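Visitor: The following file, coords-v6.txt, comprises compact mmCIF, C-alpha atoms and all ligand atoms:
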# COMPACT_ATOMS: atom_id res chain seq x y z
CA MET A 1 148.19 42.12 39.87
CA SER A 2 144.64 42.06 38.65
CA ILE A 3 143.54 41.08 35.18
CA ILE A 4 141.00 43.28 33.44
CA VAL A 5 139.12 42.05 30.39
CA GLN A 6 137.76 44.94 28.35
CA LYS A 7 135.60 44.67 25.28
CA TYR A 8 135.17 47.40 22.70
CA GLY A 9 132.26 47.17 20.28
CA GLY A 10 132.17 47.91 16.57
CA THR A 11 131.42 51.63 16.86
CA SER A 12 134.20 52.09 19.41
CA VAL A 13 136.75 50.82 16.89
CA GLY A 14 134.85 52.07 13.84
CA THR A 15 137.56 54.40 12.50
CA ILE A 16 141.34 54.72 12.74
CA ASP A 17 140.91 57.71 15.06
CA ARG A 18 138.67 55.74 17.34
CA ILE A 19 141.10 52.85 17.39
CA ARG A 20 143.81 55.28 18.47
CA GLN A 21 141.49 56.64 21.18
CA VAL A 22 140.74 53.15 22.47
CA ALA A 23 144.47 52.33 22.44
CA LYS A 24 145.10 55.37 24.68
CA GLN A 25 142.47 54.26 27.16
CA ILE A 26 143.92 50.77 27.29
CA ALA A 27 147.42 52.19 27.75
CA ASP A 28 146.24 54.37 30.66
CA ARG A 29 144.82 51.37 32.50
CA LYS A 30 147.92 49.31 31.75
CA ALA A 31 150.07 52.11 33.12
CA LEU A 32 148.23 51.78 36.44
CA GLY A 33 149.69 48.29 36.74
CA ASN A 34 146.86 46.15 35.43
CA ASP A 35 147.14 43.13 33.18
CA MET A 36 145.01 43.94 30.18
CA VAL A 37 143.15 41.50 27.94
CA ILE A 38 141.15 43.23 25.22
CA VAL A 39 138.36 41.82 23.08
CA VAL A 40 137.23 43.77 20.04
CA SER A 41 134.42 43.51 17.52
CA ALA A 42 134.79 44.18 13.82
CA MET A 43 135.04 47.84 12.78
CA GLY A 44 131.70 49.64 12.39
CA LYS A 45 129.36 47.90 9.99
CA THR A 46 131.98 45.45 8.70
CA THR A 47 130.07 42.31 9.65
CA ASP A 48 126.87 43.59 8.02
CA ASN A 49 128.78 44.37 4.86
CA LEU A 50 130.43 40.96 4.75
CA ILE A 51 127.08 39.26 5.17
CA SER A 52 125.43 41.31 2.47
CA MET A 53 128.13 40.36 0.00
CA ALA A 54 127.41 36.70 0.65
CA TYR A 55 123.68 37.30 0.19
CA GLU A 56 124.36 39.09 -3.07
CA LEU A 57 125.67 35.77 -4.32
CA THR A 58 122.84 33.59 -3.01
CA PRO A 59 119.80 33.74 -0.69
CA ASN A 60 121.16 30.75 1.18
CA PRO A 61 124.94 31.02 1.67
CA ASP A 62 126.78 28.04 3.09
CA LYS A 63 127.06 28.53 6.87
CA ARG A 64 130.61 27.22 7.15
CA GLU A 65 131.77 29.72 4.60
CA LEU A 66 129.77 32.51 6.25
CA ASP A 67 131.75 31.83 9.42
CA VAL A 68 135.05 31.97 7.56
CA LEU A 69 133.90 35.23 5.99
CA MET A 70 132.53 36.91 9.13
CA ALA A 71 135.57 35.99 11.21
CA THR A 72 137.74 38.17 8.98
CA GLY A 73 136.13 41.33 10.40
CA GLU A 74 137.59 40.89 13.88
CA GLN A 75 140.96 39.87 12.48
CA VAL A 76 141.28 43.36 11.00
CA SER A 77 140.36 45.24 14.18
CA ILE A 78 142.59 43.22 16.54
CA ALA A 79 145.60 43.75 14.31
CA LEU A 80 145.00 47.48 13.92
CA LEU A 81 144.52 47.98 17.65
CA SER A 82 147.70 46.05 18.34
CA ILE A 83 149.60 48.11 15.79
CA ALA A 84 148.34 51.30 17.47
CA LEU A 85 149.45 50.12 20.93
CA ASN A 86 152.85 48.98 19.73
CA ASP A 87 153.34 52.34 18.09
CA MET A 88 152.66 53.97 21.46
CA GLY A 89 155.50 51.98 22.97
CA TYR A 90 153.43 49.21 24.56
CA HIS A 91 153.87 45.54 23.81
CA ALA A 92 150.63 44.27 22.40
CA VAL A 93 149.88 41.05 20.60
CA SER A 94 146.72 40.07 18.73
CA TYR A 95 145.19 36.61 18.59
CA THR A 96 142.38 35.10 16.55
CA GLY A 97 139.90 32.77 18.23
CA HIS A 98 141.63 29.82 16.64
CA GLN A 99 145.03 30.82 18.01
CA VAL A 100 143.79 31.32 21.58
CA GLU A 101 141.83 28.14 21.25
CA ILE A 102 138.39 29.41 22.00
CA LYS A 103 136.74 26.04 21.68
CA THR A 104 133.14 25.95 20.51
CA GLU A 105 130.36 23.49 19.81
CA GLY A 106 127.09 23.68 17.92
CA ILE A 107 126.25 24.69 14.39
CA HIS A 108 127.98 27.27 12.24
CA THR A 109 126.97 30.93 12.83
CA LYS A 110 125.43 30.05 16.21
CA SER A 111 128.20 28.24 18.07
CA ARG A 112 128.74 28.28 21.81
CA ILE A 113 131.99 28.58 23.72
CA VAL A 114 132.72 25.43 25.72
CA ASP A 115 136.26 26.14 26.86
CA ILE A 116 139.20 28.46 26.41
CA ASN A 117 142.86 27.55 26.57
CA ASP A 118 144.25 30.47 28.54
CA GLY A 119 147.86 29.22 28.46
CA ASN A 120 149.04 31.56 25.70
CA ILE A 121 147.30 34.54 27.20
CA LEU A 122 148.79 34.05 30.67
CA GLU A 123 152.26 33.64 29.17
CA GLU A 124 151.95 36.87 27.23
CA LEU A 125 150.60 38.72 30.27
CA ASN A 126 153.54 37.46 32.30
CA GLU A 127 155.82 39.02 29.75
CA GLY A 128 154.03 42.32 30.29
CA LYS A 129 152.14 42.29 27.02
CA ILE A 130 148.65 43.55 26.32
CA VAL A 131 146.69 40.68 24.78
CA ILE A 132 144.10 41.47 22.14
CA VAL A 133 141.63 38.73 21.27
CA ALA A 134 139.22 38.60 18.35
CA GLY A 135 135.65 38.58 19.60
CA PHE A 136 132.79 36.57 18.13
CA GLN A 137 134.88 33.66 16.83
CA GLY A 138 136.18 30.28 17.88
CA VAL A 139 137.11 26.91 16.57
CA ASN A 140 135.15 23.67 16.83
CA GLU A 141 136.20 20.05 17.31
CA GLU A 142 136.70 19.64 13.57
CA ASN A 143 139.12 22.56 13.64
CA GLU A 144 136.66 24.72 11.70
CA ILE A 145 136.28 28.45 12.27
CA THR A 146 132.96 29.22 13.98
CA THR A 147 131.13 32.34 15.11
CA LEU A 148 128.93 32.89 18.14
CA GLY A 149 125.89 34.66 16.68
CA ARG A 150 125.57 38.38 15.99
CA GLY A 151 126.83 40.49 18.86
CA GLY A 152 128.84 37.54 20.16
CA SER A 153 131.97 39.49 21.12
CA ASP A 154 130.34 40.24 24.47
CA THR A 155 130.30 36.51 25.12
CA THR A 156 133.96 36.17 24.17
CA ALA A 157 134.80 38.86 26.73
CA VAL A 158 132.71 37.42 29.55
CA ALA A 159 133.97 33.88 28.90
CA LEU A 160 137.57 35.11 28.98
CA ALA A 161 136.90 37.00 32.22
CA ALA A 162 135.39 33.84 33.71
CA LYS A 163 138.37 31.74 32.66
CA LEU A 164 140.96 34.28 33.83
CA GLN A 165 138.96 35.18 36.98
CA ALA A 166 139.13 38.75 35.84
CA VAL A 167 136.99 41.85 35.99
CA CYS A 168 134.89 42.36 32.84
CA GLU A 169 134.18 45.75 31.30
CA ILE A 170 132.06 46.09 28.17
CA TYR A 171 132.50 49.41 26.38
CA THR A 172 129.88 50.37 23.88
CA ASP A 173 128.10 53.32 22.28
CA VAL A 174 125.53 53.66 25.06
CA ASP A 175 126.48 54.68 28.60
CA GLY A 176 124.79 51.80 30.39
CA ILE A 177 121.64 49.74 30.65
CA TYR A 178 118.43 51.74 30.54
CA THR A 179 114.93 50.81 31.63
CA ILE A 180 113.98 51.16 27.94
CA ASP A 181 116.24 51.62 24.92
CA PRO A 182 116.68 55.44 24.96
CA ARG A 183 116.52 55.51 21.16
CA LEU A 184 112.93 54.31 21.47
CA TYR A 185 112.07 56.28 24.60
CA PRO A 186 114.36 59.23 25.34
CA GLY A 187 112.94 59.62 28.85
CA ALA A 188 114.24 56.20 29.95
CA LYS A 189 116.33 56.00 33.14
CA LYS A 190 119.79 54.55 33.45
CA LEU A 191 120.12 51.69 35.94
CA GLU A 192 123.01 51.66 38.39
CA TYR A 193 122.73 47.89 38.84
CA ILE A 194 120.74 45.09 37.28
CA SER A 195 120.61 41.43 38.31
CA TYR A 196 121.82 38.71 35.94
CA GLU A 197 118.34 37.25 35.90
CA GLU A 198 116.65 40.46 34.79
CA MET A 199 119.40 41.32 32.32
CA LEU A 200 119.15 37.87 30.77
CA GLU A 201 115.42 38.32 30.24
CA MET A 202 115.97 41.83 28.87
CA ALA A 203 118.73 40.71 26.50
CA SER A 204 116.88 37.66 25.25
CA SER A 205 113.78 39.83 24.76
CA GLY A 206 115.55 42.14 22.37
CA ALA A 207 117.28 44.75 24.52
CA GLY A 208 120.15 44.94 22.06
CA VAL A 209 122.81 46.12 24.48
CA MET A 210 124.26 42.71 25.31
CA HIS A 211 124.51 39.32 23.64
CA SER A 212 122.21 37.22 25.79
CA ARG A 213 124.57 34.25 25.96
CA SER A 214 127.13 36.55 27.60
CA ILE A 215 124.77 37.08 30.53
CA GLU A 216 124.24 33.34 30.90
CA VAL A 217 127.99 32.87 31.13
CA ALA A 218 128.35 35.82 33.53
CA GLU A 219 125.64 34.42 35.79
CA LYS A 220 127.04 30.89 35.72
CA TYR A 221 130.55 31.99 36.71
CA LYS A 222 129.44 34.98 38.82
CA VAL A 223 131.41 37.49 36.77
CA PRO A 224 130.28 41.06 37.52
CA VAL A 225 130.05 42.95 34.24
CA LEU A 226 130.32 46.70 33.81
CA VAL A 227 128.57 48.12 30.76
CA ALA A 228 129.70 51.65 30.03
CA LEU A 229 130.31 54.27 27.36
CA ASN A 230 133.47 53.70 25.33
CA THR A 231 135.10 56.89 26.60
CA GLY A 232 135.27 55.24 30.03
CA ASP A 233 134.54 58.45 31.92
CA ILE A 234 130.84 58.08 32.78
CA PRO A 235 129.59 55.57 35.37
CA GLY A 236 127.82 52.74 33.58
CA THR A 237 125.64 49.88 34.80
CA ILE A 238 126.88 46.87 36.73
CA ILE A 239 125.30 43.51 36.03
CA LYS A 240 125.67 41.33 39.08
CA GLU A 241 124.00 38.95 41.46
CA LEU A 242 120.87 40.23 43.14
CA ASP A 243 121.58 41.57 46.59
CA ASN A 244 119.83 43.67 49.18
CA SER A 245 121.21 46.92 47.86
CA MET A 246 119.14 46.46 44.70
CA GLU A 247 115.58 47.55 44.39
CA LYS A 248 113.12 44.79 43.57
CA SER A 249 110.78 46.68 41.27
CA ALA A 250 107.72 45.00 39.82
CA ILE A 251 109.05 46.15 36.47
CA THR A 252 112.70 47.03 36.01
CA GLY A 253 112.68 47.38 32.26
CA LEU A 254 110.85 47.07 29.01
CA ALA A 255 112.44 45.41 25.99
CA VAL A 256 111.27 45.80 22.41
CA ASN A 257 112.15 43.27 19.75
CA SER A 258 111.47 43.86 16.07
CA ASP A 259 113.74 41.07 14.88
CA GLU A 260 111.16 38.36 15.17
CA ALA A 261 108.50 37.14 12.80
CA MET A 262 105.33 35.20 13.57
CA ILE A 263 103.95 32.13 11.84
CA THR A 264 100.40 30.94 12.32
CA LEU A 265 99.68 27.33 11.46
CA ASN A 266 96.05 26.66 10.60
CA GLY A 267 94.17 23.40 10.26
CA VAL A 268 96.61 21.42 12.34
CA PRO A 269 95.11 18.07 13.46
CA HIS A 270 94.69 18.12 17.24
CA ASP A 271 97.18 15.29 17.60
CA ILE A 272 100.21 15.84 19.80
CA LYS A 273 102.32 13.50 17.64
CA ILE A 274 101.80 15.66 14.56
CA ILE A 275 102.43 18.88 16.47
CA ALA A 276 105.56 17.41 18.04
CA ASP A 277 106.75 16.31 14.60
CA ILE A 278 106.41 19.84 13.19
CA PHE A 279 108.30 21.45 16.05
CA THR A 280 110.96 18.74 16.16
CA ASN A 281 111.61 19.35 12.49
CA ILE A 282 111.93 23.08 13.05
CA ALA A 283 114.22 22.53 16.03
CA SER A 284 116.43 20.19 13.99
CA LYS A 285 117.36 23.21 11.87
CA ASP A 286 118.42 25.07 15.03
CA ILE A 287 115.61 27.55 14.61
CA ASN A 288 114.94 29.04 17.98
CA ILE A 289 111.23 29.34 18.62
CA ASP A 290 110.28 31.84 21.22
CA MET A 291 106.60 32.37 21.99
CA ILE A 292 103.94 29.76 21.23
CA SER A 293 100.17 29.78 21.60
CA GLN A 294 97.57 27.26 20.55
CA THR A 295 93.81 27.61 20.16
CA THR A 296 91.31 25.13 21.56
CA PRO A 297 90.30 22.52 18.97
CA VAL A 298 87.41 23.17 16.59
CA HIS A 299 86.39 20.10 14.56
CA LYS A 300 89.55 18.42 15.88
CA LEU A 301 91.72 21.13 14.30
CA VAL A 302 93.81 23.77 16.06
CA SER A 303 95.72 26.88 15.09
CA ILE A 304 99.18 27.43 16.50
CA SER A 305 101.07 30.70 16.40
CA PHE A 306 104.74 31.07 17.23
CA THR A 307 107.54 33.58 16.88
CA LEU A 308 111.03 32.99 15.51
CA PRO A 309 113.96 35.11 14.36
CA LYS A 310 113.19 36.86 11.06
CA THR A 311 116.43 35.45 9.70
CA ASP A 312 115.07 31.91 10.10
CA LEU A 313 111.71 32.61 8.46
CA TYR A 314 112.74 31.43 4.99
CA GLN A 315 114.04 28.11 6.27
CA ALA A 316 110.99 27.57 8.45
CA THR A 317 108.51 28.22 5.66
CA GLN A 318 110.37 25.84 3.37
CA LEU A 319 109.94 23.15 5.99
CA LEU A 320 106.27 23.96 6.50
CA ASP A 321 105.59 23.65 2.78
CA LEU A 322 106.27 19.94 3.16
CA TYR A 323 103.38 19.64 5.63
CA LYS A 324 101.02 21.29 3.15
CA GLU A 325 101.56 18.28 0.95
CA ARG A 326 101.22 15.77 3.78
CA ILE A 327 98.18 17.16 5.66
CA PHE A 328 95.34 18.38 3.46
CA THR A 329 93.76 20.68 6.09
CA PHE A 330 97.09 22.36 6.83
CA SER A 331 98.03 25.90 5.80
CA TYR A 332 100.15 28.63 7.31
CA GLU A 333 100.54 32.39 7.27
CA SER A 334 103.71 34.27 8.07
CA PHE A 335 103.86 37.78 9.50
CA GLU A 336 107.13 39.62 9.12
CA ASN A 337 105.84 42.78 10.67
CA ILE A 338 105.40 42.22 14.37
CA VAL A 339 106.86 43.68 17.53
CA LYS A 340 107.46 41.83 20.75
CA LEU A 341 107.14 43.91 23.88
CA SER A 342 108.44 42.40 27.13
CA VAL A 343 108.25 43.76 30.65
CA VAL A 344 110.83 42.37 33.04
CA GLY A 345 111.10 42.67 36.81
CA ILE A 346 112.31 40.52 39.65
CA GLY A 347 109.58 42.04 41.83
CA MET A 348 106.96 40.16 39.80
CA LYS A 349 107.90 37.08 41.82
CA SER A 350 106.43 38.60 44.94
CA GLN A 351 104.01 41.26 43.71
CA SER A 352 100.71 40.31 42.14
CA GLY A 353 98.62 42.32 39.72
CA VAL A 354 101.32 43.19 37.19
CA ALA A 355 99.62 41.25 34.39
CA ALA A 356 96.27 42.81 35.24
CA LYS A 357 97.76 46.28 35.17
CA MET A 358 99.37 45.56 31.81
CA PHE A 359 96.07 44.35 30.32
CA ASP A 360 94.46 47.48 31.58
CA ILE A 361 97.07 49.67 29.90
CA LEU A 362 96.79 47.81 26.61
CA ALA A 363 93.00 47.94 26.67
CA GLN A 364 92.89 51.64 27.51
CA ASN A 365 95.14 52.35 24.55
CA ASP A 366 93.36 50.06 22.10
CA ILE A 367 96.36 47.88 21.55
CA ALA A 368 95.64 44.46 20.04
CA VAL A 369 97.75 41.55 21.23
CA SER A 370 98.24 38.34 19.26
CA ILE A 371 100.41 36.19 21.57
CA ILE A 372 101.23 36.48 25.26
CA THR A 373 103.75 34.45 27.20
CA THR A 374 104.89 34.73 30.78
CA SER A 375 107.77 33.58 32.93
CA GLU A 376 108.36 34.18 36.62
CA ILE A 377 109.86 37.60 35.95
CA LYS A 378 108.70 38.49 32.45
CA ILE A 379 105.52 39.02 30.42
CA SER A 380 105.81 39.31 26.62
CA TYR A 381 103.23 40.53 24.12
CA VAL A 382 103.18 40.43 20.32
CA ILE A 383 101.67 43.64 18.97
CA ASN A 384 101.47 45.54 15.68
CA PRO A 385 104.37 47.87 14.90
CA GLU A 386 101.90 50.78 14.58
CA ASP A 387 101.11 50.44 18.28
CA GLN A 388 104.71 50.24 19.45
CA GLN A 389 105.26 53.85 20.46
CA LYS A 390 101.89 54.20 22.13
CA ALA A 391 102.52 51.04 24.14
CA ILE A 392 106.01 52.05 25.22
CA GLU A 393 104.85 55.44 26.43
CA ALA A 394 101.87 54.08 28.32
CA VAL A 395 103.89 51.36 30.07
CA ALA A 396 106.75 53.75 30.88
CA LYS A 397 104.35 56.21 32.44
CA GLU A 398 102.46 53.64 34.49
CA PHE A 399 105.60 51.93 35.87
CA ASP A 400 107.80 55.03 36.07
CA LEU A 401 110.48 53.62 33.76
N1 LIG B 1 131.12 41.71 14.71
C1 LIG B 1 130.11 40.82 15.18
C2 LIG B 1 128.73 41.36 14.86
O1 LIG B 1 128.62 42.42 14.26
C3 LIG B 1 130.25 40.52 16.65
C4 LIG B 1 130.03 41.67 17.59
O2 LIG B 1 129.93 42.81 17.17
O3 LIG B 1 129.93 41.42 18.79
O4 LIG B 1 127.77 40.73 15.15
MG MG B 2 126.91 44.43 20.74
Kindly return the structure encoded in the file as structure tokens.
Ligand code: ASP
Ligand code: MG
Guide:
Amino acid sequence: MSIIVQKYGGTSVGTIDRIRQVAKQIADRKALGNDMVIVVSAMGKTTDNLISMAYELTPNPDKRELDVLMATGEQVSIALLSIALNDMGYHAVSYTGHQVEIKTEGIHTKSRIVDINDGNILEELNEGKIVIVAGFQGVNEENEITTLGRGGSDTTAVALAAKLQAVCEIYTDVDGIYTIDPRLYPGAKKLEYISYEEMLEMASSGAGVMHSRSIEVAEKYKVPVLVALNTGDIPGTIIKELDNSMEKSAITGLAVNSDEAMITLNGVPHDIKIIADIFTNIASKDINIDMISQTTPVHKLVSISFTLPKTDLYQATQLLDLYKERIFTFSYESFENIVKLSVVGIGMKSQSGVAAKMFDILAQNDIAVSIITTSEIKISYVINPEDQQKAIEAVAKEFDL
């Protein structure tokens, strides 16, 4: 018998009616003879609401307590889904991350799954039960409740599928992976397949469909992942290893990220030890820096710009204030209003001229760029939010996205 791991996102379990609908879909698949393991997110906007309550109390809530708080959201949805299934005559049982033993490491609110004890789950499946696991949460070595970062239920599902050697199906409120987020560009095309590599770049560049860590886990353990609409009746997109059946386009997709901020450091002594010290300090707070660019020195001073999650801006600026006191030439500016545009395509590895074409498009449309970074299969640009729509449309048209 094959094990299927399905994940339902917050919208899919957002109301009691939707929970009942999801329960029916799970029951139908179970009735076909499959072993079902279900991961759910918190209902609707629950997690957002929990977080805002904490921030009503203080601008800097304790991270351990935030994890305890956020983990309650999924505890509600797993129990309700299990109640619905039991009422329909199926045997379902819900488990929190702690109970399953989803073991994590790393800091609170950004932990990573390191292992899962699948003993309980297999036992329950053997008894014919449907197992429902809370997404997004785990427990660390100190026995503390942890969470995996916003959107982390995807990672719970993929990690479970890897551990159980199961099929993984992610059900969400969009019907697959598009070349561009259709809410930003309604003409975007749905992809039948996408490689792990491209999806990872898309997800880490802000394509909000999947938690990017989930793609890393999928790629590492070669778990094919279906992303589809929560009704389960429309073909979605399969994320899998690149093979010959897949087209190697120069550009497969365009991701837009408005969740990042930019900081520009001015008057930094052109001394690698000082620069290293600044970035080591930022890294020690687990602030994930994304793009970086540095100017050539003028009077032995450089400017350095970098991007970071908006949510880490406060912490980063607090740290940088210390350098203002230490280095008299030093100052910084922070920009909360930026957009990062990334074009991703495996075909970039073999086709040249993509960067040139992109520059041409940006120039023709008068779009100013403040930072550019490239990888083998991605080019990212920081632009002004006012230029976002113009840029998306021009790129989509040129590359037929
Ligand atoms: N409920 C969590 C969040 O809103 C996890 C998830 O939805 O995947 O981020
Ligand atoms: Mg999600």
Visitor: Using all atoms listed in the file, what table do you get, as a tab-separated table, when you list each residue of chain A with an atom no more than 8 Å from ligand MG 2 (chain B), its nearest pair of atoms, and their distance in Å rounded to one decimal, rows by chain then rising number?
Guide:
residue	atom	partner	partner_atom	distance
A:Gly9	CA	B:MG2	MG	6.0
A:Gly10	CA	B:MG2	MG	7.6
A:Arg150	CA	B:MG2	MG	7.8
A:Gly151	CA	B:MG2	MG	4.4
A:Gly152	CA	B:MG2	MG	7.2
A:Ser153	CA	B:MG2	MG	7.1
A:Asp154	CA	B:MG2	MG	6.6
A:Thr172	CA	B:MG2	MG	7.3
A:Gly208	CA	B:MG2	MG	6.9
A:Val209	CA	B:MG2	MG	5.8
A:Met210	CA	B:MG2	MG	5.6
A:His211	CA	B:MG2	MG	6.3
Visitor: Using all atoms listed in the file, which residues of chain A come within 9 Å of ligand LIG 1 (chain B), and what is the closest atom pair for each, with the distance in Å to one decimal? Give it as CSV, sorted by chain and residue number.
Guide:
residue,atom,partner,partner_atom,distance
A:Tyr8,CA,B:LIG1,O3,8.9
A:Gly9,CA,B:LIG1,O2,5.8
A:Gly10,CA,B:LIG1,O2,5.6
A:Thr11,CA,B:LIG1,O2,9.0
A:Val40,CA,B:LIG1,O3,7.8
A:Ser41,CA,B:LIG1,O2,4.6
A:Ala42,CA,B:LIG1,N1,4.5
A:Met43,CA,B:LIG1,N1,7.5
A:Gly44,CA,B:LIG1,O1,8.1
A:Lys45,CA,B:LIG1,O1,7.0
A:Thr46,CA,B:LIG1,N1,7.1
A:Thr47,CA,B:LIG1,O1,4.8
A:Asp48,CA,B:LIG1,O1,6.6
A:Met70,CA,B:LIG1,N1,7.5
A:Ala71,CA,B:LIG1,N1,8.0
A:Gly73,CA,B:LIG1,N1,6.6
A:Glu74,CA,B:LIG1,N1,6.6
A:Gly135,CA,B:LIG1,O3,6.4
A:Phe136,CA,B:LIG1,C3,4.9
A:Gln137,CA,B:LIG1,C3,8.3
A:Thr147,CA,B:LIG1,C3,8.4
A:Leu148,CA,B:LIG1,C3,7.9
A:Gly149,CA,B:LIG1,O4,6.5
A:Arg150,CA,B:LIG1,O4,3.3
A:Gly151,CA,B:LIG1,O3,3.2
A:Gly152,CA,B:LIG1,O3,4.3
A:Ser153,CA,B:LIG1,O3,3.6
A:Asp154,CA,B:LIG1,O3,5.8
A:Thr155,CA,B:LIG1,O3,8.0
A:Thr156,CA,B:LIG1,O3,8.5
A:Met210,CA,B:LIG1,O3,8.7
A:His211,CA,B:LIG1,O3,7.6
Visitor: With C-alpha atoms kept, could you save the residues just selected as a JSON list (two decimals), keeping the file's coordinate frame?
Guide:
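Just written: part_18.json:
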[["chain", "number", "residue", "atom", "x", "y", "z"],
["A", 8, "TYR", "CA", 135.17, 47.40, 22.70],
["A", 9, "GLY", "CA", 132.26, 47.17, 20.28],
["A", 10, "GLY", "CA", 132.17, 47.91, 16.57],
["A", 11, "THR", "CA", 131.42, 51.63, 16.86],
["A", 40, "VAL", "CA", 137.23, 43.77, 20.04],
["A", 41, "SER", "CA", 134.42, 43.51, 17.52],
["A", 42, "ALA", "CA", 134.79, 44.18, 13.82],
["A", 43, "MET", "CA", 135.04, 47.84, 12.78],
["A", 44, "GLY", "CA", 131.70, 49.64, 12.39],
["A", 45, "LYS", "CA", 129.36, 47.90, 9.99],
["A", 46, "THR", "CA", 131.98, 45.45, 8.70],
["A", 47, "THR", "CA", 130.07, 42.31, 9.65],
["A", 48, "ASP", "CA", 126.87, 43.59, 8.02],
["A", 70, "MET", "CA", 132.53, 36.91, 9.13],
["A", 71, "ALA", "CA", 135.57, 35.99, 11.21],
["A", 73, "GLY", "CA", 136.13, 41.33, 10.40],
["A", 74, "GLU", "CA", 137.59, 40.89, 13.88],
["A", 135, "GLY", "CA", 135.65, 38.58, 19.60],
["A", 136, "PHE", "CA", 132.79, 36.57, 18.13],
["A", 137, "GLN", "CA", 134.88, 33.66, 16.83],
["A", 147, "THR", "CA", 131.13, 32.34, 15.11],
["A", 148, "LEU", "CA", 128.93, 32.89, 18.14],
["A", 149, "GLY", "CA", 125.89, 34.66, 16.68],
["A", 150, "ARG", "CA", 125.57, 38.38, 15.99],
["A", 151, "GLY", "CA", 126.83, 40.49, 18.86],
["A", 152, "GLY", "CA", 128.84, 37.54, 20.16],
["A", 153, "SER", "CA", 131.97, 39.49, 21.12],
["A", 154, "ASP", "CA", 130.34, 40.24, 24.47],
["A", 155, "THR", "CA", 130.30, 36.51, 25.12],
["A", 156, "THR", "CA", 133.96, 36.17, 24.17],
["A", 210, "MET", "CA", 124.26, 42.71, 25.31],
["A", 211, "HIS", "CA", 124.51, 39.32, 23.64]]
Visitor: As an exercise, work out the distance from atom CA of A:Asp312 to atom CA of A:Asp271 in Å and give it to one decimal place.
Guide: 25.5 Å
Visitor: Have a look at atom CA of A:Leu229 and atom CA of A:Cys168 and let me know their distance in Å, one decimal.
Guide: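 Rounded to one decimal, the two atoms are 13.9 Å apart.
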Visitor: Name the closest residue to A:Gly232 among the candidates A:Ser2, A:Gln75, A:Ser375, A:Gln21; distances are taken between atoms, counting only C-alpha atoms.
Guide: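 Looking at the shortest contact to A:Gly232, the residue is A:Gln21.
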Visitor: From the set A:Ile274, A:Met262, A:Ala368, A:Lys357, which residue has the shortest atom-to-atom contact distance to A:Ser334, counting all atoms listed in the file?
Guide: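 Using all atoms listed in the file, the shortest distance to A:Ser334 belongs to A:Met262.
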